[in-house]
Every structure is written in structure tokens, then in C-alpha cells.
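Beneath this line is the structure, given in C-alpha cells, with notes to follow.
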Amino acid sequence: MIDLRSDTVTRPTPGMRRAMAEAEVGDDVYGEDPAVRELEERFADLMGHEAALFVPSGTMGNQIGMRLVCEPGQEVLCDADAHVVTYEMGAAAAVFGISTRTVVTGGRLDAAQLVEQVRGRDDWHLTATAAIAVENTHNRGGGLVQPLDQLEQLFAWSREHDVAVHLDGARLVNASVASGVPLATYGRLADTASVCLSKGLGAPVGSVLVGSAARIAAGRLWRKRLGGGMRQAGVLAAAGLYALDHHVERLATDHEHARLLAERLGVDPARVETNIVVVEDVAAPMVAEAAKAEGVLVSQVDARRLRLVTHLDVDKAGVERAADVVAGLIAR
Ligand code: TLP
């Protein structure tokens with residue numbers, strides 16, 4: 001099977017497994033796991049923030065991150081296709097009493113478009129917008145990298161209007177490799193940011209949430225409340241550390257493979273900036289089913305859109321084979 005459903009399907013490489021096996025560990029709820037501490041310190045530094053928190057998933061990173069900048073009864077404003085509202089099971093409302101309001105952006109951040117929708121805290125009638133959530137890269141947008149000038153404009157505006165910015169950076173490392181913009185540059189344009197280790201970086205589990213020291217200290221309590229306080233989590237953190245050392249630069253190969261797929265599948269190359277390819281105007285369930293029968297797994301964004309994600313478990317030959325199969329089915 002050539003599995004292009006997601007970059008979450010990657011399995012730890014032999015080198016990563018060795019690093020996990022050899023990790024020096026302790027009880028992280030006591031703050032005594034050296035590998036977790038090292039991962040948190042490295043990420044805080046990489047992202048230009050004071051502190052970081054290792055969490056089990058991107059969903060937990062996003063939800064705690066948003067809770068740290070938004071009180072119950074206030075709202076987070078985000079794109080209508082954002083992961084935080086599409087795939088996180090209504091957690092902001094169900095768990096934290098946070099309201100979400102969405103704007104249709106098509107995936108590409110336009111600061112003015114979002115800012116226009118912000119509702120202030122001094123109106124007795126309106127739900128106050130405490131935070132704006134940005135996704136970089138944008139998953140359902142097809143892995144789009146958010147333009148730096150828009151991120152800068154949004155952040156500058158947010159400083160003057162007492163609105164926070166949360167960054168869902170599940171694939172921020174892909175964005176950084178594709179754009180050449182350092183992670184810290186992106187990181188400094190957000191109050192809280194979550195970055196996943198278990199997507200293109202190839203770790204089996206885990207995400208890291210960054211923010212100010214005070215916010216991350218509060219985030220540690222939220223993580224425990226949610227049952228995310230892990231013990232000898234260094235075996236997982238070690239995979240993240242290994243990924244930082246060995247799997248960052250190679251993301252450029254995944255991006256190349258995505259461009260190759262796009263070319264073969266007639267997708268506008270201007271829409272393919274990282275490792276996600278969204279094919280539009282196809283009978284998605286039919287193509288996905290038929291591709292599976294030919295040994296290629298792809299996912300569906302909706303009934304008319306397919307998603308193919310490149311990653312370290314699929315090489316160029318696999319990508320070419322997948323392109324042949326899917327192109328053949330689309331042409332039918
Ligand atoms: N995305 C998964 C699915 O949930 C759709 C995928 O296959 O792409 N933010 C973004 C932008 C994501 O794409 C994801 C995972 C997450 C957050 C959540 O990460 P996890 O799955 O670790 O909770």
C-alpha cells in the first residue's frame with residue numbers, strides 16, 4: 001500500500017526507534033524527565049518563546065493554547081475551514097466554554113478580512129473576540145503557507161487592540177522549510193503556538209505548545225486536568241528530538257514530491273506550496289475507493305475534493321506510482 005492519506009501515518013524509522021529506546025527518562029509530572037525538558041527547551045528557543053509544553057497531540061496543543069488566551073464566554077475567530085473548528089470535535093465549546101466564529105477565507109490569511117470581524121470587549125451586546133486562530137500551513141487549504149506580511153499585519157493590529165493570536169502550527173516546520181522563514185519569526189507573531197511532531201517530522205506521538213512562561217505554567221495545569229500529564233514521556237520526546245536533528249531538511253523532498261503529484265494530476269502548482277495536494281472537482285469517494293483497490297490510499301476533503309499528503313514513508317517511486325493510479329482514475 002502507498003499511503004498518502006496523511007503525513008500522520010509515518011512510522012518511526014530505525015534511527016528514531018533507537019533514540020527512543022535509549023532516551024534518559026523520569027517522571028514528567030514531577031518535571032523530572034530530561035528528554036522532555038530538553039525538547040521543551042529546544043522548542044521554546046526555536047520558536048522565540050519563553051517556555052514550551054510537550055502535549056500528546058496537536059488537538060490538545062491547540063485547545064490548551066486557545067484556552068490560555070480566551071476565557072469561557074469569549075470567542076476565538078478563525079477561518080471556516082480551520083482544523084480547530086473542523087476536526088477538534090467542538091472541544092473549545094465542549095471543554096472550555098469558548099465560542100468560535102468563522103470567516104470564509106479559502107485558506108490564505110488576509111489580515112484585514114479577519115480584523116474587520118473582531119468584536120470588542122466593551123460592547124454589552126456582543127460576544128467579545130479574545131483571540132484569532134491562524135493555521136500555518138493550512139491543511140484544508142492544501143498546505144498553503146501563510147504570507148509573512150499578513151501575519152505581521154495581523155500581529156501588529158492585535159497588539160493595539162488587546163486581541164491574542166493563537167497559531168495552529170501543526171505543519172509550521174513545513175512552512176518554514178518551504179518559505180525560508182525561520183520558525184522563531186513565525187513564533188514571535190503569535191501569543192501561543194502549537195507545533196506537531198507526529199506529522200511530516202515523523203514522530204509517533206506529540207506536539208509542543210509554546211508561549212510566555214506564565215501562560216505555559218497555566219497550560220501545564222490544563223494539560224493535567226485533561227489527563228495529558230504523562231510520566232516517562234521522554235521515550236516520545238526523544239523521537240521529537242531525533243526528528244529535529246534528522247527530519248527537518250528532508251521536508252523539502254516531500255514538497256518536491258507534492259509538486260510532482262500536482263503536475264501529474266493537473267492541480268494548479270500555485271496552490272501546492274508544501275506537502276499537501278488537494279485535487280478538486282473529482283468524484284472523491286469513487287476515486288478513493290478505486291485507488292485503494294490498486295494499492296493507493298488517499299483521503300477525501302469532501303465529496304468533490306481528494307487530498308494526497310507526501311511524507312517520509314513514501315519515496316519518489318511510490319509517489320510516481322500513486323500519480324499514475326490517481327491520474328488514470330480521474331481521467332475516466
Ligand atoms: N490533522 C489530521 C486530521 O485531523 C485531519 C490530518 O490528517 O491532517 N492542526 C492541523 C492543521 C492538523 O492538520 C492536525 C491533524 C491537527 C492540528 C491535530 O493534530 P492531532 O491529530 O495530533 O491532534
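Residues are referred to by chain and number: the chain letter is A, B, ... according to the order shown in the C-alpha cells, the number counts from 1 in that chain, and ligands are numbered separately from 1 in the order shown.
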_What does the list of residues within 9 Å of ligand 1 look like if you count only C-alpha atoms and all ligand atoms, written as an MDAnalysis selection string?_
chainID A and resid 5:9 56:62 82:84 86:88 135:140 143 168:171 194:199 205:207 299 301 309
How would the residues just chosen look if you wrote them out with C-alpha atoms as a PDB file, in the first residue's frame?
```
ATOM      1  CA  ARG A   5      -3.955   9.799   3.328  1.00  0.00           C
ATOM      2  CA  SER A   6      -1.886  11.869   5.724  1.00  0.00           C
ATOM      3  CA  ASP A   7       1.626  12.533   6.998  1.00  0.00           C
ATOM      4  CA  THR A   8       0.329  11.249  10.346  1.00  0.00           C
ATOM      5  CA  VAL A   9       0.700   7.671   9.051  1.00  0.00           C
ATOM      6  CA  PRO A  56       0.122  14.304  23.461  1.00  0.00           C
ATOM      7  CA  SER A  57      -1.497  15.764  20.343  1.00  0.00           C
ATOM      8  CA  GLY A  58      -1.944  18.785  18.133  1.00  0.00           C
ATOM      9  CA  THR A  59      -5.558  18.931  19.198  1.00  0.00           C
ATOM     10  CA  MET A  60      -4.575  19.255  22.855  1.00  0.00           C
ATOM     11  CA  GLY A  61      -1.927  21.831  21.954  1.00  0.00           C
ATOM     12  CA  ASN A  62      -4.470  23.918  20.076  1.00  0.00           C
ATOM     13  CA  ALA A  82      -9.584  25.710  10.223  1.00  0.00           C
ATOM     14  CA  HIS A  83      -8.635  22.452  11.926  1.00  0.00           C
ATOM     15  CA  VAL A  84      -9.612  23.906  15.313  1.00  0.00           C
ATOM     16  CA  THR A  86     -13.413  21.288  11.684  1.00  0.00           C
ATOM     17  CA  TYR A  87     -11.638  18.356  13.296  1.00  0.00           C
ATOM     18  CA  GLU A  88     -11.381  19.001  17.028  1.00  0.00           C
ATOM     19  CA  GLU A 135      -3.287  27.877  10.702  1.00  0.00           C
ATOM     20  CA  ASN A 136       0.130  27.581   9.050  1.00  0.00           C
ATOM     21  CA  THR A 137       0.352  25.601   6.853  1.00  0.00           C
ATOM     22  CA  HIS A 138      -3.355  25.457   6.133  1.00  0.00           C
ATOM     23  CA  ASN A 139      -4.479  21.845   5.973  1.00  0.00           C
ATOM     24  CA  ARG A 140      -7.789  22.025   4.097  1.00  0.00           C
ATOM     25  CA  GLY A 143      -0.860  23.052   2.683  1.00  0.00           C
ATOM     26  CA  ASP A 168      -2.003  26.191  14.849  1.00  0.00           C
ATOM     27  CA  GLY A 169       1.423  25.328  13.519  1.00  0.00           C
ATOM     28  CA  ALA A 170       0.829  21.600  13.163  1.00  0.00           C
ATOM     29  CA  ARG A 171       2.942  21.831   9.981  1.00  0.00           C
ATOM     30  CA  SER A 194       1.298  24.532  18.757  1.00  0.00           C
ATOM     31  CA  VAL A 195       3.691  22.558  16.535  1.00  0.00           C
ATOM     32  CA  CYS A 196       3.247  18.849  15.768  1.00  0.00           C
ATOM     33  CA  LEU A 197       5.986  16.233  15.859  1.00  0.00           C
ATOM     34  CA  SER A 198       3.717  13.494  14.538  1.00  0.00           C
ATOM     35  CA  LYS A 199       3.059  14.891  11.043  1.00  0.00           C
ATOM     36  CA  VAL A 205       3.174  10.976  19.080  1.00  0.00           C
ATOM     37  CA  GLY A 206       3.299  14.510  20.356  1.00  0.00           C
ATOM     38  CA  SER A 207       3.114  18.232  19.862  1.00  0.00           C
ATOM     39  CA  SER A 299      -8.211  10.873   1.715  1.00  0.00           C
ATOM     40  CA  VAL A 301     -11.645  16.629   1.932  1.00  0.00           C
ATOM     41  CA  VAL A 309      -0.119  14.102   1.544  1.00  0.00           C
TER      42      VAL A 309
END
```
I need the residues of region 87-220 of chain A that end up classed as helix (DSSP H, G or I) by DSSP on the backbone, written out as a PDB file with N, CA and C atoms, in the first residue's frame.
```pdb
ATOM      1  N   ALA A  91     -14.231  20.901  20.683  1.00  0.00           N
ATOM      2  CA  ALA A  91     -13.612  20.914  22.016  1.00  0.00           C
ATOM      3  C   ALA A  91     -13.643  22.293  22.681  1.00  0.00           C
ATOM      4  N   ALA A  92     -13.422  23.348  21.898  1.00  0.00           N
ATOM      5  CA  ALA A  92     -13.372  24.687  22.508  1.00  0.00           C
ATOM      6  C   ALA A  92     -14.671  24.957  23.260  1.00  0.00           C
ATOM      7  N   ALA A  93     -15.800  24.577  22.642  1.00  0.00           N
ATOM      8  CA  ALA A  93     -17.097  24.763  23.296  1.00  0.00           C
ATOM      9  C   ALA A  93     -17.354  23.678  24.328  1.00  0.00           C
ATOM     10  N   ALA A  94     -17.117  22.422  23.948  1.00  0.00           N
ATOM     11  CA  ALA A  94     -17.479  21.298  24.812  1.00  0.00           C
ATOM     12  C   ALA A  94     -16.655  21.260  26.092  1.00  0.00           C
ATOM     13  N   VAL A  95     -15.381  21.622  25.991  1.00  0.00           N
ATOM     14  CA  VAL A  95     -14.494  21.503  27.149  1.00  0.00           C
ATOM     15  C   VAL A  95     -14.308  22.833  27.869  1.00  0.00           C
ATOM     16  N   PHE A  96     -14.180  23.914  27.100  1.00  0.00           N
ATOM     17  CA  PHE A  96     -13.753  25.179  27.700  1.00  0.00           C
ATOM     18  C   PHE A  96     -14.807  26.282  27.691  1.00  0.00           C
ATOM     19  N   ALA A 111      -5.217  39.523   6.612  1.00  0.00           N
ATOM     20  CA  ALA A 111      -5.354  40.120   7.952  1.00  0.00           C
ATOM     21  C   ALA A 111      -6.554  41.054   8.024  1.00  0.00           C
ATOM     22  N   ALA A 112      -6.725  41.889   6.994  1.00  0.00           N
ATOM     23  CA  ALA A 112      -7.805  42.885   7.020  1.00  0.00           C
ATOM     24  C   ALA A 112      -9.170  42.206   7.098  1.00  0.00           C
ATOM     25  N   GLN A 113      -9.297  41.092   6.382  1.00  0.00           N
ATOM     26  CA  GLN A 113     -10.573  40.372   6.361  1.00  0.00           C
ATOM     27  C   GLN A 113     -10.945  39.849   7.751  1.00  0.00           C
ATOM     28  N   LEU A 114      -9.969  39.385   8.499  1.00  0.00           N
ATOM     29  CA  LEU A 114     -10.251  38.871   9.852  1.00  0.00           C
ATOM     30  C   LEU A 114     -10.475  40.006  10.845  1.00  0.00           C
ATOM     31  N   VAL A 115      -9.609  40.976  10.774  1.00  0.00           N
ATOM     32  CA  VAL A 115      -9.643  42.101  11.710  1.00  0.00           C
ATOM     33  C   VAL A 115     -11.002  42.813  11.669  1.00  0.00           C
ATOM     34  N   LEU A 148       4.002  36.053   5.145  1.00  0.00           N
ATOM     35  CA  LEU A 148       4.611  36.687   6.319  1.00  0.00           C
ATOM     36  C   LEU A 148       4.072  38.097   6.546  1.00  0.00           C
ATOM     37  N   ASP A 149       3.864  38.843   5.463  1.00  0.00           N
ATOM     38  CA  ASP A 149       3.403  40.231   5.660  1.00  0.00           C
ATOM     39  C   ASP A 149       2.003  40.263   6.281  1.00  0.00           C
ATOM     40  N   GLN A 150       1.171  39.280   5.956  1.00  0.00           N
ATOM     41  CA  GLN A 150      -0.166  39.234   6.553  1.00  0.00           C
ATOM     42  C   GLN A 150      -0.094  38.843   8.032  1.00  0.00           C
ATOM     43  N   LEU A 151       0.792  37.911   8.342  1.00  0.00           N
ATOM     44  CA  LEU A 151       0.979  37.516   9.745  1.00  0.00           C
ATOM     45  C   LEU A 151       1.481  38.710  10.554  1.00  0.00           C
ATOM     46  N   GLU A 152       2.390  39.467   9.952  1.00  0.00           N
ATOM     47  CA  GLU A 152       2.936  40.647  10.649  1.00  0.00           C
ATOM     48  C   GLU A 152       1.858  41.699  10.866  1.00  0.00           C
ATOM     49  N   GLN A 153       1.058  41.913   9.833  1.00  0.00           N
ATOM     50  CA  GLN A 153      -0.026  42.911   9.961  1.00  0.00           C
ATOM     51  C   GLN A 153      -1.019  42.515  11.032  1.00  0.00           C
ATOM     52  N   LEU A 154      -1.377  41.230  11.018  1.00  0.00           N
ATOM     53  CA  LEU A 154      -2.349  40.741  11.998  1.00  0.00           C
ATOM     54  C   LEU A 154      -1.803  40.906  13.412  1.00  0.00           C
ATOM     55  N   PHE A 155      -0.543  40.542  13.607  1.00  0.00           N
ATOM     56  CA  PHE A 155       0.025  40.597  14.951  1.00  0.00           C
ATOM     57  C   PHE A 155       0.148  42.051  15.420  1.00  0.00           C
ATOM     58  N   ALA A 156       0.594  42.920  14.525  1.00  0.00           N
ATOM     59  CA  ALA A 156       0.733  44.337  14.896  1.00  0.00           C
ATOM     60  C   ALA A 156      -0.636  44.899  15.301  1.00  0.00           C
ATOM     61  N   TRP A 157      -1.648  44.574  14.530  1.00  0.00           N
ATOM     62  CA  TRP A 157      -3.001  45.045  14.842  1.00  0.00           C
ATOM     63  C   TRP A 157      -3.455  44.486  16.194  1.00  0.00           C
ATOM     64  N   SER A 158      -3.179  43.212  16.418  1.00  0.00           N
ATOM     65  CA  SER A 158      -3.649  42.555  17.642  1.00  0.00           C
ATOM     66  C   SER A 158      -3.024  43.181  18.887  1.00  0.00           C
ATOM     67  N   ARG A 159      -1.786  43.684  18.767  1.00  0.00           N
ATOM     68  CA  ARG A 159      -1.135  44.329  19.921  1.00  0.00           C
ATOM     69  C   ARG A 159      -1.868  45.599  20.321  1.00  0.00           C
ATOM     70  N   GLU A 160      -2.396  46.277  19.337  1.00  0.00           N
ATOM     71  CA  GLU A 160      -3.065  47.562  19.629  1.00  0.00           C
ATOM     72  C   GLU A 160      -4.493  47.386  20.075  1.00  0.00           C
ATOM     73  N   LEU A 172       4.078  23.778  10.880  1.00  0.00           N
ATOM     74  CA  LEU A 172       4.859  25.013  10.775  1.00  0.00           C
ATOM     75  C   LEU A 172       6.273  24.744  10.260  1.00  0.00           C
ATOM     76  N   VAL A 173       6.808  23.566  10.554  1.00  0.00           N
ATOM     77  CA  VAL A 173       8.167  23.264  10.073  1.00  0.00           C
ATOM     78  C   VAL A 173       8.146  23.128   8.547  1.00  0.00           C
ATOM     79  N   ASN A 174       7.066  22.560   8.004  1.00  0.00           N
ATOM     80  CA  ASN A 174       6.926  22.539   6.536  1.00  0.00           C
ATOM     81  C   ASN A 174       6.897  23.962   5.998  1.00  0.00           C
ATOM     82  N   ALA A 175       6.139  24.830   6.666  1.00  0.00           N
ATOM     83  CA  ALA A 175       6.039  26.223   6.205  1.00  0.00           C
ATOM     84  C   ALA A 175       7.414  26.871   6.200  1.00  0.00           C
ATOM     85  N   SER A 176       8.164  26.644   7.275  1.00  0.00           N
ATOM     86  CA  SER A 176       9.474  27.266   7.411  1.00  0.00           C
ATOM     87  C   SER A 176      10.448  26.754   6.346  1.00  0.00           C
ATOM     88  N   VAL A 177      10.430  25.443   6.109  1.00  0.00           N
ATOM     89  CA  VAL A 177      11.322  24.876   5.091  1.00  0.00           C
ATOM     90  C   VAL A 177      10.939  25.404   3.699  1.00  0.00           C
ATOM     91  N   ALA A 178       9.643  25.521   3.435  1.00  0.00           N
ATOM     92  CA  ALA A 178       9.207  25.972   2.106  1.00  0.00           C
ATOM     93  C   ALA A 178       9.498  27.450   1.880  1.00  0.00           C
ATOM     94  N   SER A 179       9.311  28.261   2.919  1.00  0.00           N
ATOM     95  CA  SER A 179       9.414  29.716   2.736  1.00  0.00           C
ATOM     96  C   SER A 179      10.796  30.264   3.071  1.00  0.00           C
ATOM     97  N   LEU A 183      11.587  29.510  12.074  1.00  0.00           N
ATOM     98  CA  LEU A 183      10.470  29.182  12.967  1.00  0.00           C
ATOM     99  C   LEU A 183      10.238  30.300  13.976  1.00  0.00           C
ATOM    100  N   ALA A 184      11.311  30.896  14.484  1.00  0.00           N
ATOM    101  CA  ALA A 184      11.164  31.936  15.508  1.00  0.00           C
ATOM    102  C   ALA A 184      10.457  33.169  14.953  1.00  0.00           C
ATOM    103  N   THR A 185      10.633  33.437  13.674  1.00  0.00           N
ATOM    104  CA  THR A 185       9.949  34.586  13.070  1.00  0.00           C
ATOM    105  C   THR A 185       8.445  34.337  13.089  1.00  0.00           C
ATOM    106  N   TYR A 186       8.056  33.128  12.710  1.00  0.00           N
ATOM    107  CA  TYR A 186       6.631  32.775  12.806  1.00  0.00           C
ATOM    108  C   TYR A 186       6.183  32.767  14.271  1.00  0.00           C
ATOM    109  N   GLY A 187       7.015  32.182  15.118  1.00  0.00           N
ATOM    110  CA  GLY A 187       6.645  32.013  16.525  1.00  0.00           C
ATOM    111  C   GLY A 187       6.383  33.339  17.215  1.00  0.00           C
ATOM    112  N   ALA A 213       6.224  32.301  29.837  1.00  0.00           N
ATOM    113  CA  ALA A 213       6.427  31.398  30.979  1.00  0.00           C
ATOM    114  C   ALA A 213       5.146  31.283  31.796  1.00  0.00           C
ATOM    115  N   ALA A 214       4.467  32.409  32.009  1.00  0.00           N
ATOM    116  CA  ALA A 214       3.243  32.380  32.830  1.00  0.00           C
ATOM    117  C   ALA A 214       2.156  31.557  32.145  1.00  0.00           C
ATOM    118  N   ARG A 215       1.994  31.772  30.851  1.00  0.00           N
ATOM    119  CA  ARG A 215       0.952  31.010  30.138  1.00  0.00           C
ATOM    120  C   ARG A 215       1.269  29.510  30.128  1.00  0.00           C
ATOM    121  N   ILE A 216       2.512  29.175  29.888  1.00  0.00           N
ATOM    122  CA  ILE A 216       2.851  27.742  29.820  1.00  0.00           C
ATOM    123  C   ILE A 216       2.717  27.092  31.201  1.00  0.00           C
ATOM    124  N   ALA A 217       2.997  27.844  32.257  1.00  0.00           N
ATOM    125  CA  ALA A 217       2.775  27.291  33.613  1.00  0.00           C
ATOM    126  C   ALA A 217       1.290  26.988  33.797  1.00  0.00           C
ATOM    127  N   ALA A 218       0.436  27.886  33.343  1.00  0.00           N
ATOM    128  CA  ALA A 218      -1.014  27.642  33.427  1.00  0.00           C
ATOM    129  C   ALA A 218      -1.403  26.493  32.502  1.00  0.00           C
ATOM    130  N   GLY A 219      -0.756  26.415  31.353  1.00  0.00           N
ATOM    131  CA  GLY A 219      -1.038  25.344  30.389  1.00  0.00           C
ATOM    132  C   GLY A 219      -0.714  23.971  30.970  1.00  0.00           C
ATOM    133  N   ARG A 220       0.322  23.920  31.815  1.00  0.00           N
ATOM    134  CA  ARG A 220       0.707  22.660  32.457  1.00  0.00           C
ATOM    135  C   ARG A 220      -0.446  22.149  33.335  1.00  0.00           C
TER     136      ARG A 220
END
```
_My list of candidates is A:Lys292, A:Gly120, A:Leu126, A:Val76. Which is closest to Thr102 (chain A) when distances are computed with only C-alpha atoms?_
A:Val76
_Point-to-point distance in Å for CA of Val165 (chain A) and CA of Ala270 (chain A)_ = 27.0 Å
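In this comparison, which uses only C-alpha atoms, the residue of A:Pro147, A:Gly97, A:Pro182, A:Gly141 approaching Asp110 (chain A) most closely is A:Pro147.
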Each residue of region 227-285 of chain A lying at most 9 Å from region 317-329 of chain A should get a row with its shortest atom-to-atom pair and the distance in Å to one decimal, counting only C-alpha atoms; could you produce that, ordered by chain and increasing number, as a tab-separated table?
```
residue	atom	partner	partner_atom	distance
A:His257	CA	A:Val319	CA	6.6
A:Ala258	CA	A:Val319	CA	8.3
A:Leu260	CA	A:Glu320	CA	7.9
A:Leu261	CA	A:Ala323	CA	5.7
A:Ala262	CA	A:Ala323	CA	8.6
A:Arg264	CA	A:Ala323	CA	6.2
A:Leu265	CA	A:Ala327	CA	5.5
A:Gly266	CA	A:Ala327	CA	8.5
```
_Counting only C-alpha atoms, the option among A:Ala238, A:Met286, A:Val298, A:Val278 closest to Pro34 (chain A)_ =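 Under the stated criterion, the closest residue is A:Ala238.
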What's around Leu167 (chain A) at 7 Å? Count only C-alpha atoms, leave out sequence neighbours fewer than 4 positions away in its own chain, and write the answer as a tab-separated table (two decimals) with all heavy atoms, in the first residue's frame.
```tsv
chain	number	residue	atom	x	y	z
A	133	ALA	N	-7.33	32.68	15.67
A	133	ALA	CA	-6.51	31.49	15.43
A	133	ALA	C	-6.11	31.44	13.97
A	133	ALA	O	-6.95	31.60	13.08
A	133	ALA	CB	-7.27	30.23	15.81
A	134	VAL	N	-4.83	31.22	13.74
A	134	VAL	CA	-4.28	31.15	12.38
A	134	VAL	C	-3.69	29.76	12.17
A	134	VAL	O	-3.12	29.20	13.10
A	134	VAL	CB	-3.15	32.22	12.24
A	134	VAL	CG1	-2.42	32.07	10.92
A	134	VAL	CG2	-3.72	33.63	12.38
A	135	GLU	N	-3.83	29.22	10.98
A	135	GLU	CA	-3.29	27.88	10.70
A	135	GLU	C	-2.19	27.98	9.63
A	135	GLU	O	-2.44	28.49	8.54
A	135	GLU	CB	-4.44	26.99	10.21
A	135	GLU	CG	-4.10	25.51	10.13
A	135	GLU	CD	-5.37	24.69	9.86
A	135	GLU	OE1	-6.39	24.88	10.58
A	135	GLU	OE2	-5.35	23.87	8.93
A	190	ALA	N	2.87	35.21	17.33
A	190	ALA	CA	1.74	34.55	17.99
A	190	ALA	C	1.96	34.59	19.50
A	190	ALA	O	3.10	34.60	19.97
A	190	ALA	CB	1.60	33.11	17.52
A	192	THR	N	0.40	32.19	21.51
A	192	THR	CA	0.56	30.76	21.79
A	192	THR	C	0.64	30.07	20.43
A	192	THR	O	0.00	30.50	19.47
A	192	THR	CB	-0.65	30.20	22.58
A	192	THR	OG1	-1.87	30.58	21.92
A	192	THR	CG2	-0.68	30.71	24.01
A	193	ALA	N	1.44	29.01	20.37
A	193	ALA	CA	1.57	28.28	19.11
A	193	ALA	C	1.80	26.81	19.40
A	193	ALA	O	2.53	26.46	20.32
A	193	ALA	CB	2.74	28.84	18.29
A	194	SER	N	1.14	25.97	18.61
A	194	SER	CA	1.30	24.53	18.76
A	194	SER	C	1.95	23.98	17.49
A	194	SER	O	1.53	24.31	16.38
A	194	SER	CB	-0.09	23.90	18.97
A	194	SER	OG	-0.01	22.50	18.88
```
*From the list A:Gly228, A:His255, A:Phe54, A:Ala164, which residue is nearest Asp33 (chain A) when using only C-alpha atoms?*
A:Phe54
_When you count only C-alpha atoms, which of these residues is closest to Asp191 (chain A): A:Met47, A:Ala284, A:Cys78, A:Ala293?_
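Among the listed residues, the smallest separation from Asp191 (chain A) belongs to A:Met47.
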Test item, strand (DSSP E) assignment across region 94-255 of chain A, answer as a compact mmCIF listing (two decimals) with C-alpha atoms, in the first residue's frame:
```txt
# COMPACT_ATOMS: atom_id res chain seq x y z
CA SER A 99 -17.30 30.26 21.37
CA THR A 100 -15.86 30.16 17.86
CA ARG A 101 -16.80 32.38 14.92
CA THR A 102 -15.63 31.65 11.42
CA VAL A 103 -14.79 33.61 8.29
CA THR A 129 -13.31 38.28 20.36
CA ALA A 130 -10.43 37.43 22.67
CA ALA A 131 -8.26 35.70 20.09
CA ILE A 132 -7.70 34.96 16.44
CA ALA A 133 -6.51 31.49 15.43
CA VAL A 134 -4.28 31.15 12.38
CA GLU A 135 -3.29 27.88 10.70
CA ALA A 164 -4.40 37.49 21.15
CA VAL A 165 -3.14 35.32 18.29
CA HIS A 166 -3.00 31.52 18.54
CA LEU A 167 -1.05 29.72 15.84
CA ASP A 168 -2.00 26.19 14.85
CA GLY A 169 1.42 25.33 13.52
CA THR A 192 0.56 30.76 21.79
CA ALA A 193 1.57 28.28 19.11
CA SER A 194 1.30 24.53 18.76
CA VAL A 195 3.69 22.56 16.54
CA CYS A 196 3.25 18.85 15.77
CA SER A 207 3.11 18.23 19.86
CA VAL A 208 4.71 21.18 21.58
CA LEU A 209 2.86 24.28 22.76
CA VAL A 210 4.87 27.47 23.23
CA GLY A 211 4.09 30.78 24.93
```
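Within the 12 Å cut-off around Glu280 (chain A), using only C-alpha atoms and omitting residues fewer than 5 positions from it on the same chain, the listed residues are Arg140, Gly141, Gly142, Ala262, Leu265, Gly266, Val267, Asp268, Arg271, Val287, Gln300, Val301, Asp302, Ala303, Arg304, Arg305, Leu306, Arg307, Leu308 and Ile330 of chain A.
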*So which residues touch region 245-253 of chain A within 10 Å, counting only C-alpha atoms, skipping near sequence neighbours fewer than 3 positions away, as a ChimeraX atom specification?*
/A:15-16,173-178,200-203,239-242,256-259,274-275,310-312,315-316
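Nearest residue to Leu221 (chain A) among A:Leu297, A:Val29, A:Leu77, A:Met20 is A:Val29, counting only C-alpha atoms.
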*Could you check how far CA of Glu71 (chain A) sits from CA of Val118 (chain A), in Å to one decimal?*
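CA of Val118 (chain A) lies 15.6 Å from CA of Glu71 (chain A).
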